[in-house]
>>> print(open('data-v9.tsv').read())   # TSV, C-alpha atoms and all ligand atoms
chain	number	residue	atom	x	y	z
B	1278	MET	CA	14.81	-33.48	-6.41
B	1279	GLN	CA	11.47	-31.93	-5.49
B	1280	THR	CA	10.89	-31.41	-1.77
B	1281	ILE	CA	7.89	-30.73	0.45
B	1282	GLY	CA	7.11	-27.03	0.24
B	1283	ASP	CA	8.33	-26.54	-3.32
B	1284	GLU	CA	4.80	-26.20	-4.69
B	1285	TYR	CA	3.80	-23.92	-1.84
B	1286	TYR	CA	6.50	-21.34	-2.61
B	1287	MET	CA	6.15	-21.74	-6.38
B	1288	GLU	CA	2.46	-20.99	-5.97
B	1289	LEU	CA	3.39	-17.67	-4.37
B	1290	ALA	CA	5.82	-16.88	-7.19
B	1291	LEU	CA	3.13	-17.69	-9.78
B	1292	GLN	CA	0.59	-15.49	-8.03
B	1293	MET	CA	2.91	-12.49	-8.25
B	1294	ALA	CA	3.61	-13.18	-11.91
B	1295	GLU	CA	-0.12	-13.48	-12.63
B	1296	ARG	CA	-0.72	-9.99	-11.27
B	1297	ALA	CA	1.84	-8.51	-13.68
B	1298	GLN	CA	0.08	-9.85	-16.80
B	1299	GLY	CA	-0.34	-7.18	-19.45
B	1300	GLN	CA	2.39	-4.83	-18.28
B	1301	THR	CA	5.61	-6.49	-19.46
B	1302	GLY	CA	5.25	-5.90	-23.23
B	1303	ILE	CA	7.03	-8.62	-25.24
B	1304	ASN	CA	8.67	-9.91	-22.05
B	1305	PRO	CA	7.31	-12.81	-20.00
B	1306	VAL	CA	5.69	-12.39	-16.59
B	1307	VAL	CA	7.93	-13.89	-13.91
B	1308	GLY	CA	7.78	-14.19	-10.13
B	1309	ALA	CA	10.56	-15.12	-7.68
B	1310	VAL	CA	10.63	-16.04	-3.98
B	1311	VAL	CA	13.76	-16.41	-1.80
B	1312	VAL	CA	13.43	-18.83	1.14
B	1313	LYS	CA	16.00	-19.22	3.91
B	1314	ASP	CA	15.68	-21.46	6.99
B	1315	GLY	CA	11.95	-21.90	6.56
B	1316	ALA	CA	11.10	-18.22	6.05
B	1317	VAL	CA	10.42	-16.05	3.02
B	1318	VAL	CA	13.21	-13.42	2.89
B	1319	GLY	CA	12.71	-11.99	-0.60
B	1320	LEU	CA	9.93	-11.49	-3.14
B	1321	GLY	CA	10.02	-10.12	-6.66
B	1322	ALA	CA	8.22	-9.89	-9.98
B	1323	HIS	CA	9.25	-8.61	-13.39
B	1324	LEU	CA	7.03	-5.55	-13.80
B	1325	LYS	CA	8.10	-3.81	-16.99
B	1326	ARG	CA	10.42	-4.46	-19.90
B	1327	GLY	CA	13.75	-2.75	-19.37
B	1328	THR	CA	13.48	-2.88	-15.57
B	1329	PRO	CA	15.03	-5.60	-13.35
B	1330	HIS	CA	13.97	-9.21	-13.65
B	1331	ALA	CA	12.04	-10.98	-10.88
B	1332	GLU	CA	15.10	-12.68	-9.35
B	1333	VAL	CA	16.98	-9.39	-9.02
B	1334	HIS	CA	14.16	-7.72	-7.07
B	1335	ALA	CA	13.84	-10.76	-4.77
B	1336	LEU	CA	17.62	-11.08	-4.21
B	1337	ARG	CA	17.93	-7.37	-3.45
B	1338	MET	CA	15.26	-7.74	-0.80
B	1339	ALA	CA	16.98	-10.80	0.69
B	1340	GLY	CA	20.35	-9.02	0.81
B	1341	PRO	CA	22.98	-11.14	2.66
B	1342	LEU	CA	20.28	-13.72	3.51
B	1343	ALA	CA	20.43	-14.88	-0.13
B	1344	GLU	CA	23.56	-16.88	0.65
B	1345	GLY	CA	22.62	-20.54	1.14
B	1346	SER	CA	18.95	-19.87	0.27
B	1347	THR	CA	16.51	-21.59	-2.10
B	1348	VAL	CA	15.16	-19.38	-4.88
B	1349	TYR	CA	11.82	-20.23	-6.54
B	1350	VAL	CA	11.35	-18.76	-9.98
B	1351	THR	CA	8.51	-19.31	-12.46
B	1352	LEU	CA	10.82	-19.15	-15.52
B	1353	GLU	CA	14.37	-20.37	-16.01
B	1354	PRO	CA	16.81	-17.60	-14.96
B	1355	CYS	CA	18.24	-15.87	-18.01
B	1356	SER	CA	21.84	-16.34	-19.16
B	1357	HIS	CA	22.12	-13.51	-21.68
B	1358	TYR	CA	22.77	-9.79	-21.66
B	1359	GLY	CA	19.47	-8.23	-22.83
B	1360	MET	CA	18.23	-4.92	-21.49
B	1361	THR	CA	19.46	-6.22	-18.12
B	1362	PRO	CA	22.39	-8.50	-17.07
B	1363	PRO	CA	21.96	-12.30	-16.70
B	1364	CYS	CA	20.02	-13.47	-13.63
B	1365	ALA	CA	21.91	-16.80	-13.52
B	1366	GLU	CA	25.16	-14.87	-12.86
B	1367	ARG	CA	23.49	-12.85	-10.12
B	1368	LEU	CA	22.26	-16.06	-8.40
B	1369	ILE	CA	25.82	-17.46	-8.56
B	1370	GLU	CA	27.35	-14.24	-7.18
B	1371	ASP	CA	24.86	-14.21	-4.32
B	1372	LYS	CA	25.84	-17.84	-3.48
B	1373	VAL	CA	22.31	-19.29	-3.40
B	1374	ALA	CA	22.26	-23.02	-2.64
B	1375	ARG	CA	19.31	-24.19	-4.71
B	1376	VAL	CA	17.09	-22.88	-7.52
B	1377	VAL	CA	13.62	-24.29	-8.23
B	1378	VAL	CA	12.30	-23.49	-11.72
B	1379	ALA	CA	8.75	-24.01	-13.00
B	1380	THR	CA	9.60	-24.08	-16.69
B	1381	GLU	CA	12.49	-23.57	-19.11
B	1382	ASP	CA	12.86	-20.26	-20.99
B	1383	PRO	CA	12.01	-20.87	-24.71
B	1384	ASN	CA	13.94	-17.72	-25.70
B	1385	PRO	CA	16.63	-19.12	-28.08
B	1386	GLN	CA	19.15	-16.86	-26.30
B	1387	VAL	CA	18.50	-18.79	-23.05
B	1388	ALA	CA	16.89	-22.21	-23.77
B	1389	GLY	CA	18.52	-24.24	-21.00
B	1390	ARG	CA	21.74	-22.22	-20.74
B	1391	GLY	CA	20.56	-20.50	-17.55
B	1392	ILE	CA	19.95	-23.82	-15.81
B	1393	GLY	CA	23.25	-25.20	-17.20
B	1394	LEU	CA	25.20	-22.24	-15.85
B	1395	LEU	CA	23.72	-22.66	-12.38
B	1396	ARG	CA	24.53	-26.39	-12.31
B	1397	GLN	CA	28.09	-25.82	-13.54
B	1398	ASN	CA	28.56	-23.55	-10.55
B	1399	GLY	CA	27.44	-26.14	-8.02
B	1400	ILE	CA	23.90	-24.86	-7.51
B	1401	GLU	CA	21.26	-27.58	-7.18
B	1402	VAL	CA	18.47	-27.04	-9.72
B	1403	THR	CA	15.00	-28.61	-9.68
B	1404	THR	CA	12.74	-28.03	-12.70
B	1405	GLY	CA	9.09	-28.65	-13.56
B	1406	VAL	CA	7.40	-27.56	-10.31
B	1407	LEU	CA	3.88	-26.38	-11.37
B	1408	ARG	CA	5.15	-26.36	-14.96
B	1409	ASP	CA	1.71	-26.47	-16.66
B	1410	ARG	CA	0.56	-23.33	-14.91
B	1411	ALA	CA	3.79	-21.49	-15.70
B	1412	VAL	CA	3.54	-22.47	-19.39
B	1413	ALA	CA	-0.12	-21.38	-19.58
B	1414	LEU	CA	0.71	-18.09	-17.88
B	1415	ASN	CA	3.35	-17.23	-20.50
B	1416	ARG	CA	1.57	-18.69	-23.55
B	1417	LYS	CA	1.70	-15.32	-25.36
B	1418	PHE	CA	5.43	-14.85	-24.68
B	1419	ILE	CA	6.18	-18.45	-25.71
B	1420	LYS	CA	4.50	-18.06	-29.10
B	1421	TYR	CA	6.07	-14.69	-29.85
B	1422	ILE	CA	9.63	-15.55	-28.81
B	1423	THR	CA	9.60	-18.80	-30.82
B	1424	THR	CA	7.78	-17.58	-33.98
B	1425	GLY	CA	7.99	-13.77	-34.09
B	1426	LEU	CA	4.20	-13.74	-34.52
B	1427	PRO	CA	1.70	-12.33	-32.03
B	1428	TYR	CA	-0.56	-14.62	-30.00
B	1429	VAL	CA	-4.08	-14.19	-31.37
B	1430	THR	CA	-7.15	-14.35	-29.11
B	1431	ILE	CA	-10.61	-13.97	-30.63
B	1432	LYS	CA	-13.30	-12.74	-28.26
B	1433	THR	CA	-16.96	-12.77	-29.20
B	1434	ALA	CA	-20.17	-11.84	-27.42
B	1435	SER	CA	-23.19	-13.47	-28.99
B	1436	THR	CA	-26.78	-14.46	-28.40
B	1437	LEU	CA	-27.66	-18.12	-27.93
B	1438	ASP	CA	-28.44	-18.24	-31.66
B	1439	GLY	CA	-24.85	-17.14	-32.40
B	1440	LYS	CA	-25.60	-13.56	-33.49
B	1441	ILE	CA	-23.35	-10.58	-32.70
B	1442	ALA	CA	-25.91	-7.96	-33.72
B	1443	THR	CA	-29.56	-7.74	-34.82
B	1444	LYS	CA	-30.53	-7.55	-38.49
B	1445	THR	CA	-30.42	-3.72	-38.22
B	1446	GLY	CA	-26.90	-3.81	-36.69
B	1447	ASP	CA	-27.85	-3.09	-33.07
B	1448	SER	CA	-25.43	-4.74	-30.63
B	1449	LYS	CA	-25.62	-2.72	-27.39
B	1450	TRP	CA	-25.62	-4.75	-25.30
B	1451	ILE	CA	-25.51	-8.48	-25.85
B	1452	SER	CA	-23.41	-9.65	-22.88
B	1453	ASN	CA	-23.95	-8.50	-19.30
B	1454	GLU	CA	-21.89	-5.89	-17.46
B	1455	ALA	CA	-19.74	-8.41	-15.57
B	1456	SER	CA	-18.78	-10.09	-18.87
B	1457	ARG	CA	-17.86	-6.71	-20.33
B	1458	GLU	CA	-15.64	-6.04	-17.30
B	1459	ILE	CA	-13.76	-9.27	-18.05
B	1460	VAL	CA	-13.27	-8.13	-21.66
B	1461	HIS	CA	-11.61	-4.94	-20.45
B	1462	THR	CA	-9.19	-7.01	-18.33
B	1463	MET	CA	-8.49	-9.02	-21.50
B	1464	ARG	CA	-7.72	-5.77	-23.35
B	1465	HIS	CA	-5.20	-4.85	-20.65
B	1466	ARG	CA	-3.54	-8.25	-21.13
B	1467	HIS	CA	-3.03	-7.89	-24.88
B	1468	GLN	CA	-0.72	-5.45	-26.63
B	1469	GLY	CA	-3.00	-4.95	-29.61
B	1470	ILE	CA	-6.76	-4.89	-30.16
B	1471	MET	CA	-7.96	-5.66	-33.67
B	1472	VAL	CA	-11.26	-4.99	-35.43
B	1473	GLY	CA	-12.42	-4.90	-39.03
B	1474	SER	CA	-13.50	-1.72	-40.80
B	1475	GLY	CA	-17.14	-2.90	-40.64
B	1476	THR	CA	-17.07	-2.80	-36.84
B	1477	VAL	CA	-15.69	0.77	-36.86
B	1478	LEU	CA	-18.37	1.85	-39.34
B	1479	ALA	CA	-21.17	0.16	-37.38
B	1480	ASP	CA	-20.20	0.97	-33.77
B	1481	ASP	CA	-17.54	3.73	-33.84
B	1482	PRO	CA	-15.85	2.04	-30.85
B	1483	GLN	CA	-13.05	3.57	-28.72
B	1484	LEU	CA	-11.26	0.25	-28.12
B	1485	THR	CA	-9.62	1.45	-24.92
B	1486	THR	CA	-9.46	-0.22	-21.50
B	1487	ARG	CA	-12.00	1.56	-19.37
B	1488	LEU	CA	-14.06	-0.48	-16.96
B	1489	ALA	CA	-11.54	-2.63	-15.11
B	1490	VAL	CA	-8.53	-1.95	-12.90
B	1491	PRO	CA	-5.68	-2.08	-13.82
B	1492	GLY	CA	-5.96	-0.89	-17.37
B	1493	LEU	CA	-3.35	-0.28	-20.01
B	1494	ASP	CA	-4.64	0.55	-23.49
B	1495	PRO	CA	-3.61	-1.80	-26.29
B	1496	VAL	CA	-2.56	-0.45	-29.70
B	1497	ARG	CA	-5.70	-0.20	-31.84
B	1498	ILE	CA	-5.41	-2.15	-35.08
B	1499	ILE	CA	-7.96	-1.61	-37.84
B	1500	VAL	CA	-8.14	-4.06	-40.75
B	1501	ASP	CA	-9.33	-1.92	-43.63
B	1502	SER	CA	-8.52	-3.22	-47.14
B	1503	THR	CA	-9.93	-0.17	-48.96
B	1504	LEU	CA	-9.32	2.55	-46.32
B	1505	ARG	CA	-13.05	3.16	-46.03
B	1506	VAL	CA	-13.02	4.06	-42.32
B	1507	PRO	CA	-13.80	7.79	-41.96
B	1508	VAL	CA	-11.04	9.99	-40.50
B	1509	ALA	CA	-13.63	11.36	-38.06
B	1510	SER	CA	-14.12	7.92	-36.43
B	1511	ARG	CA	-13.00	7.78	-32.81
B	1512	VAL	CA	-10.16	5.32	-33.35
B	1513	LEU	CA	-8.64	7.61	-35.99
B	1514	SER	CA	-9.31	10.94	-34.31
B	1515	ASP	CA	-9.52	10.76	-30.50
B	1516	GLY	CA	-5.80	10.13	-29.84
B	1517	ALA	CA	-6.79	8.03	-26.79
B	1518	ALA	CA	-4.32	5.28	-27.79
B	1519	PRO	CA	-2.03	4.64	-30.78
B	1520	THR	CA	-3.79	3.30	-33.89
B	1521	LEU	CA	-2.41	1.23	-36.78
B	1522	VAL	CA	-4.29	0.60	-40.00
B	1523	LEU	CA	-3.66	-2.59	-41.96
B	1524	THR	CA	-4.53	-2.28	-45.64
B	1525	THR	CA	-3.34	-3.43	-49.09
B	1526	GLU	CA	-1.09	-2.06	-51.83
B	1527	MET	CA	-4.29	-1.17	-53.71
B	1528	ALA	CA	-5.34	1.40	-51.10
B	1529	ASP	CA	-5.71	5.06	-52.04
B	1530	ARG	CA	-2.34	6.85	-51.60
B	1531	ALA	CA	-3.94	10.22	-50.83
B	1532	LYS	CA	-5.95	8.75	-47.97
B	1533	MET	CA	-2.82	6.99	-46.71
B	1534	ALA	CA	-1.09	10.38	-46.59
B	1535	VAL	CA	-3.98	11.97	-44.68
B	1536	LEU	CA	-3.76	9.24	-42.04
B	1537	ALA	CA	0.04	9.46	-41.84
B	1538	GLU	CA	-0.29	13.21	-41.20
B	1539	ARG	CA	-2.46	12.37	-38.19
B	1540	GLY	CA	0.24	10.09	-36.82
B	1541	ILE	CA	-1.53	6.89	-37.80
B	1542	GLU	CA	0.74	4.26	-39.30
B	1543	VAL	CA	-0.77	2.63	-42.39
B	1544	ILE	CA	0.75	-0.77	-43.20
B	1545	PRO	CA	0.09	-2.31	-46.62
B	1546	CYS	CA	-0.15	-6.10	-46.26
B	1547	GLY	CA	-0.12	-7.74	-49.68
B	1548	ALA	CA	-1.29	-6.78	-53.16
B	1549	GLY	CA	-5.00	-6.99	-52.31
B	1550	PRO	CA	-7.89	-7.01	-52.75
B	1551	HIS	CA	-8.02	-8.22	-49.10
B	1552	VAL	CA	-5.49	-7.70	-46.32
B	1553	ASP	CA	-3.11	-10.68	-46.21
B	1554	LEU	CA	-3.70	-11.61	-42.58
B	1555	GLN	CA	-0.66	-13.88	-42.25
B	1556	LEU	CA	1.55	-11.04	-43.49
B	1557	ALA	CA	-0.32	-8.63	-41.22
B	1558	LEU	CA	0.58	-10.70	-38.14
B	1559	GLN	CA	4.20	-10.75	-39.29
B	1560	ARG	CA	4.18	-6.94	-39.62
B	1561	LEU	CA	2.69	-6.59	-36.12
B	1562	GLY	CA	5.32	-8.94	-34.70
B	1563	GLU	CA	8.05	-6.83	-36.30
B	1564	ARG	CA	6.61	-3.85	-34.40
B	1565	GLU	CA	6.89	-5.78	-31.11
B	1566	ILE	CA	3.18	-6.40	-30.74
B	1567	SER	CA	3.29	-9.88	-29.22
B	1568	SER	CA	-0.41	-10.42	-28.53
B	1569	VAL	CA	-3.60	-9.33	-30.27
B	1570	LEU	CA	-7.19	-9.44	-29.01
B	1571	VAL	CA	-9.60	-9.65	-31.94
B	1572	GLU	CA	-13.01	-8.14	-31.21
B	1573	GLY	CA	-14.65	-8.77	-34.58
B	1574	GLY	CA	-16.74	-8.56	-36.46
B	1575	GLY	CA	-17.81	-11.85	-37.91
B	1576	ARG	CA	-15.92	-11.53	-41.19
B	1577	LEU	CA	-12.55	-10.79	-39.60
B	1578	ASN	CA	-13.12	-13.60	-37.07
B	1579	GLY	CA	-14.12	-15.97	-39.87
B	1580	SER	CA	-11.13	-15.10	-42.06
B	1581	LEU	CA	-8.66	-15.57	-39.20
B	1582	LEU	CA	-10.26	-18.90	-38.29
B	1583	GLU	CA	-10.31	-20.11	-41.90
B	1584	LYS	CA	-6.62	-19.23	-42.27
B	1585	ARG	CA	-5.79	-20.99	-38.99
B	1586	LEU	CA	-4.23	-17.90	-37.45
B	1587	VAL	CA	-6.03	-18.13	-34.11
B	1588	ASP	CA	-4.45	-19.35	-30.85
B	1589	GLU	CA	-7.36	-18.95	-28.45
B	1590	ILE	CA	-11.09	-18.26	-28.59
B	1591	VAL	CA	-13.16	-16.75	-25.77
B	1592	LEU	CA	-16.91	-16.78	-26.40
B	1593	PHE	CA	-19.44	-15.03	-24.18
B	1594	PHE	CA	-23.04	-16.21	-24.62
B	1595	ALA	CA	-26.04	-14.22	-23.38
B	1596	PRO	CA	-29.40	-15.96	-22.85
B	1597	LYS	CA	-31.08	-14.07	-25.70
B	1598	LEU	CA	-32.44	-15.02	-29.13
B	1599	ILE	CA	-32.82	-12.45	-31.93
B	1600	GLY	CA	-33.18	-14.40	-35.18
B	1601	GLY	CA	-32.98	-12.69	-38.56
B	1602	GLY	CA	-31.34	-14.35	-41.54
B	1603	GLU	CA	-29.36	-11.16	-42.17
B	1604	ALA	CA	-28.21	-10.76	-38.56
B	1605	PRO	CA	-24.42	-11.36	-38.52
B	1606	GLY	CA	-22.97	-14.43	-36.83
B	1607	SER	CA	-19.73	-14.46	-34.85
B	1608	PHE	CA	-17.69	-16.38	-37.48
B	1609	ILE	CA	-18.55	-15.62	-41.10
B	1610	PHE	CA	-16.64	-17.68	-43.69
B	1611	SER	CA	-17.48	-20.06	-46.51
B	1612	GLY	CA	-17.93	-22.91	-44.04
B	1613	TYR	CA	-17.28	-26.63	-44.10
B	1614	GLU	CA	-19.30	-29.38	-45.70
B	1615	LYS	CA	-18.93	-32.08	-43.08
B	1616	MET	CA	-18.97	-32.10	-39.27
B	1617	SER	CA	-15.68	-34.01	-39.47
B	1618	GLU	CA	-14.10	-30.81	-40.85
B	1619	ALA	CA	-15.25	-28.66	-37.91
B	1620	VAL	CA	-12.78	-26.59	-35.93
B	1621	THR	CA	-12.81	-27.98	-32.39
B	1622	LEU	CA	-11.82	-26.27	-29.17
B	1623	THR	CA	-9.51	-28.11	-26.77
B	1624	SER	CA	-8.46	-27.30	-23.19
B	1625	VAL	CA	-11.99	-25.97	-22.83
B	1626	GLU	CA	-12.96	-23.99	-19.75
B	1627	VAL	CA	-16.56	-23.06	-19.03
B	1628	GLU	CA	-17.55	-20.35	-16.57
B	1629	THR	CA	-20.87	-18.76	-15.73
B	1630	ILE	CA	-20.90	-15.00	-15.23
B	1631	GLY	CA	-24.31	-14.24	-13.79
B	1632	ASP	CA	-26.69	-15.33	-16.56
B	1633	ASN	CA	-23.93	-15.34	-19.22
B	1634	VAL	CA	-21.75	-18.32	-20.07
B	1635	CYS	CA	-18.10	-17.94	-21.08
B	1636	ILE	CA	-16.50	-20.78	-23.04
B	1637	GLN	CA	-12.84	-20.58	-23.84
B	1638	GLY	CA	-10.41	-22.92	-25.55
B	1639	ARG	CA	-7.70	-23.43	-28.14
B	1640	PRO	CA	-8.89	-24.18	-31.67
B	1641	VAL	CA	-7.58	-27.26	-33.46
B	1642	TRP	CA	-8.18	-27.99	-37.11
B	1643	PRO	CA	-8.68	-31.60	-38.28
B	1701	LIG	C1	14.44	-13.99	-16.03
B	1701	LIG	N1	13.68	-13.33	-15.12
B	1701	LIG	O1	12.09	-11.89	-14.60
B	1701	LIG	C2	12.45	-12.31	-16.87
B	1701	LIG	C3	13.22	-13.05	-17.81
B	1701	LIG	O2	15.74	-7.57	-22.34
B	1701	LIG	P1	15.69	-8.21	-20.99
B	1701	LIG	O3	16.99	-8.10	-20.24
B	1701	LIG	O4	14.52	-7.80	-20.14
B	1701	LIG	O5	15.53	-9.78	-21.26
B	1701	LIG	C4	14.32	-10.29	-21.72
B	1701	LIG	C5	14.41	-11.80	-21.82
B	1701	LIG	O6	14.78	-12.32	-20.53
B	1701	LIG	C6	13.08	-12.44	-22.15
B	1701	LIG	O7	12.91	-12.62	-23.54
B	1701	LIG	C7	13.16	-13.77	-21.42
B	1701	LIG	O8	13.96	-14.69	-22.14
B	1701	LIG	C8	13.93	-13.38	-20.16
B	1701	LIG	N2	12.99	-12.90	-19.13
B	1701	LIG	N3	14.17	-13.90	-17.35
B	1701	LIG	O9	15.38	-14.67	-15.66
B	1701	LIG	C9	12.72	-12.49	-15.48
B	1701	LIG	N4	11.50	-11.42	-17.26
B	1702	ZN	ZN	16.82	-12.54	-16.01
>>> encode(input="data-v9.tsv", output="structure tokens", more="lines below")
Ligand code: AOF
Ligand code: ZN
Amino acid sequence: MQTIGDEYYMELALQMAERAQGQTGINPVVGAVVVKDGAVVGLGAHLKRGTPHAEVHALRMAGPLAEGSTVYVTLEPCSHYGMTPPCAERLIEDKVARVVVATEDPNPQVAGRGIGLLRQNGIEVTTGVLRDRAVALNRKFIKYITTGLPYVTIKTASTLDGKIATKTGDSKWISNEASREIVHTMRHRHQGIMVGSGTVLADDPQLTTRLAVPGLDPVRIIVDSTLRVPVASRVLSDGAAPTLVLTTEMADRAKMAVLAERGIEVIPCGAGPHVDLQLALQRLGEREISSVLVEGGGRLNGSLLEKRLVDEIVLFFAPKLIGGGEAPGSFIFSGYEKMSEAVTLTSVEVETIGDNVCIQGRPVWP
């Protein structure tokens, strides 16, 4: 049964987990709080894959005070031996009285067994406290652990007339500096960053996390069906972060070898002529890339949208108008005939960032 104070302590556990976003790899972000006789006696968060889980850090801090305590944890305690031993067993050993869980662990190796184990050992378990927030926080983990495919976020920065560059290809800058800061935090929170070959040719971007703190660099993923990106481009030559190139079986073997020599993995995805994007996501998942931020251009965005491979869209709009029939839009694909066929965003959030507007949501197809 939920008691007064449960949301208060779960809130603290969620806040710690939120701060660890981007640094746990394919693992979820998790926070834990140990409360005894009305006082917090232990705090913990899972910080990095292969290191202790949130509950273990918090229980270590609590020491002997863990006995008879209530432990708040944002994800069901694990019941399996992974890179670390099961947290449910540790909670039982430490004789905690009650465990409050925000949401169940969708990992098929756990999936309710952690909660079951606690209950079998006489520990009172309450579930569902601030569940929606806990689920939203681990949306990338949840998709990856249940499908093996990375969570795909498309980010665009466009003018009010939906353009991502002028008719001559100029795009620096469309969104304001504060919006660009947010994008760098988004890079930190994804394991991969994906662009099409056209974007590399037009902008020669670095695709690293530079402006914001903290900042881990995602793996750079270039979608290049014909291997036309020059080896001198920054993503292929600066060594600032690992780079993967997704191409097709039709790609030039000699160029593949040149890239391989430079330590760049080239992954053929399908027979061609275009990269099979569904297969590409599968290949990325196999390499333990559980989230991908797509930063364009319009063709890659359009293809992913048309193939329904997108989990989330974040659009930044700047109060500018540039016109030009040839100026690229943010989603280029053959398009629908009727408004009733339109892709719609749900769970929409709107935020103003100075004079820019950020709209984000989850696409649904009719
Ligand atoms: C918890 N608390 O803090 C986390 C959990 O390889 P391992 O040992 O790190 O196990 C990873 C799995 O454990 C992960 O897929 C998820 O099911 C769970 N993560 N569980 O009780 C934590 N990070
Ligand atoms: Zn665990």
>>> residues_near_ligand(input="data-v9.tsv", ligand="ligand LIG 1701 (chain B)", cutoff="6 Å", atoms="only C-alpha atoms and all ligand atoms", output="JSON, numbers by chain")
{"B": [1304, 1305, 1306, 1307, 1323, 1326, 1327, 1330, 1331, 1332, 1353, 1354, 1355, 1359, 1360, 1361, 1364, 1382, 1384]}
>>> atom_distance(input="data-v9.tsv", atom1="CA of Val1402 in chain B", atom2="CA of Leu1324 in chain B")
24.7 Å
>>> residues_around(input="data-v9.tsv", residues="Pro1507 in chain B", least_positions_apart="5", cutoff="9 Å", atoms="only C-alpha atoms", output="MDAnalysis selection string")
chainID B and resid 1477:1478 1513
>>> atom_distance(input="data-v9.tsv", atom1="CA of Leu1426 in chain B", atom2="CA of Ala1557 in chain B")
9.6 Å
>>> closest_residue(input="data-v9.tsv", among="B:Leu1577, B:Leu1352, B:Ala1388, B:Ala1290", to="ligand ZN 1702 (chain B)", atoms="only C-alpha atoms and all ligand atoms")
B:Leu1352
>>> closest_residue(input="data-v9.tsv", among="B:Leu1536, B:Val1406, B:Ile1392, B:Ala1442", to="Gly1602 in chain B", atoms="all atoms listed in the file")
B:Ala1442
>>> atom_distance(input="data-v9.tsv", atom1="CA of Ala1411 in chain B", atom2="CA of Ala1322 in chain B")
13.7 Å
>>> axis_aligned_box(input="data-v9.tsv", around="range 1598-1601 of chain B", padding_each_side="3 Å", output="lines of an AutoDock Vina configuration file")
center_x = -32.8
center_y = -13.7
center_z = -33.8
size_x = 6.7
size_y = 8.6
size_z = 15.4
>>> residues_around(input="data-v9.tsv", residues="Val1512 in chain B", least_positions_apart="6", cutoff="12 Å", atoms="all atoms listed in the file", output="PDB file with C-alpha atoms, keeping the file's coordinate frame")
ATOM      1  CA  ILE B1470      -6.760  -4.890 -30.160  1.00  0.00           C
ATOM      2  CA  MET B1471      -7.960  -5.660 -33.670  1.00  0.00           C
ATOM      3  CA  VAL B1472     -11.260  -4.990 -35.430  1.00  0.00           C
ATOM      4  CA  GLY B1473     -12.420  -4.900 -39.030  1.00  0.00           C
ATOM      5  CA  SER B1474     -13.500  -1.720 -40.800  1.00  0.00           C
ATOM      6  CA  THR B1476     -17.070  -2.800 -36.840  1.00  0.00           C
ATOM      7  CA  VAL B1477     -15.690   0.770 -36.860  1.00  0.00           C
ATOM      8  CA  LEU B1478     -18.370   1.850 -39.340  1.00  0.00           C
ATOM      9  CA  ASP B1480     -20.200   0.970 -33.770  1.00  0.00           C
ATOM     10  CA  ASP B1481     -17.540   3.730 -33.840  1.00  0.00           C
ATOM     11  CA  PRO B1482     -15.850   2.040 -30.850  1.00  0.00           C
ATOM     12  CA  GLN B1483     -13.050   3.570 -28.720  1.00  0.00           C
ATOM     13  CA  LEU B1484     -11.260   0.250 -28.120  1.00  0.00           C
ATOM     14  CA  THR B1485      -9.620   1.450 -24.920  1.00  0.00           C
ATOM     15  CA  PRO B1495      -3.610  -1.800 -26.290  1.00  0.00           C
ATOM     16  CA  VAL B1496      -2.560  -0.450 -29.700  1.00  0.00           C
ATOM     17  CA  ARG B1497      -5.700  -0.200 -31.840  1.00  0.00           C
ATOM     18  CA  ILE B1498      -5.410  -2.150 -35.080  1.00  0.00           C
ATOM     19  CA  ILE B1499      -7.960  -1.610 -37.840  1.00  0.00           C
ATOM     20  CA  VAL B1506     -13.020   4.060 -42.320  1.00  0.00           C
ATOM     21  CA  ALA B1518      -4.320   5.280 -27.790  1.00  0.00           C
ATOM     22  CA  PRO B1519      -2.030   4.640 -30.780  1.00  0.00           C
ATOM     23  CA  THR B1520      -3.790   3.300 -33.890  1.00  0.00           C
ATOM     24  CA  LEU B1521      -2.410   1.230 -36.780  1.00  0.00           C
ATOM     25  CA  VAL B1522      -4.290   0.600 -40.000  1.00  0.00           C
ATOM     26  CA  LEU B1536      -3.760   9.240 -42.040  1.00  0.00           C
ATOM     27  CA  ARG B1539      -2.460  12.370 -38.190  1.00  0.00           C
ATOM     28  CA  GLY B1540       0.240  10.090 -36.820  1.00  0.00           C
ATOM     29  CA  ILE B1541      -1.530   6.890 -37.800  1.00  0.00           C
TER      30      ILE B1541
END
>>> closest_residue(input="data-v9.tsv", among="B:Thr1621, B:Val1460, B:Asp1371, B:Val1429", to="Leu1581 in chain B", atoms="only C-alpha atoms")
B:Val1429
>>> residues_near_point(input="data-v9.tsv", point="(13.4, -20.1, 2.1)", cutoff="9 Å", atoms="all atoms listed in the file", output="list in words")
Tyr1286, Val1310, Val1311, Val1312, Lys1313, Asp1314, Gly1315, Ala1316, Val1317, Val1318, Gly1319, Ser1346, Thr1347, Val1348 and Tyr1349 of chain B
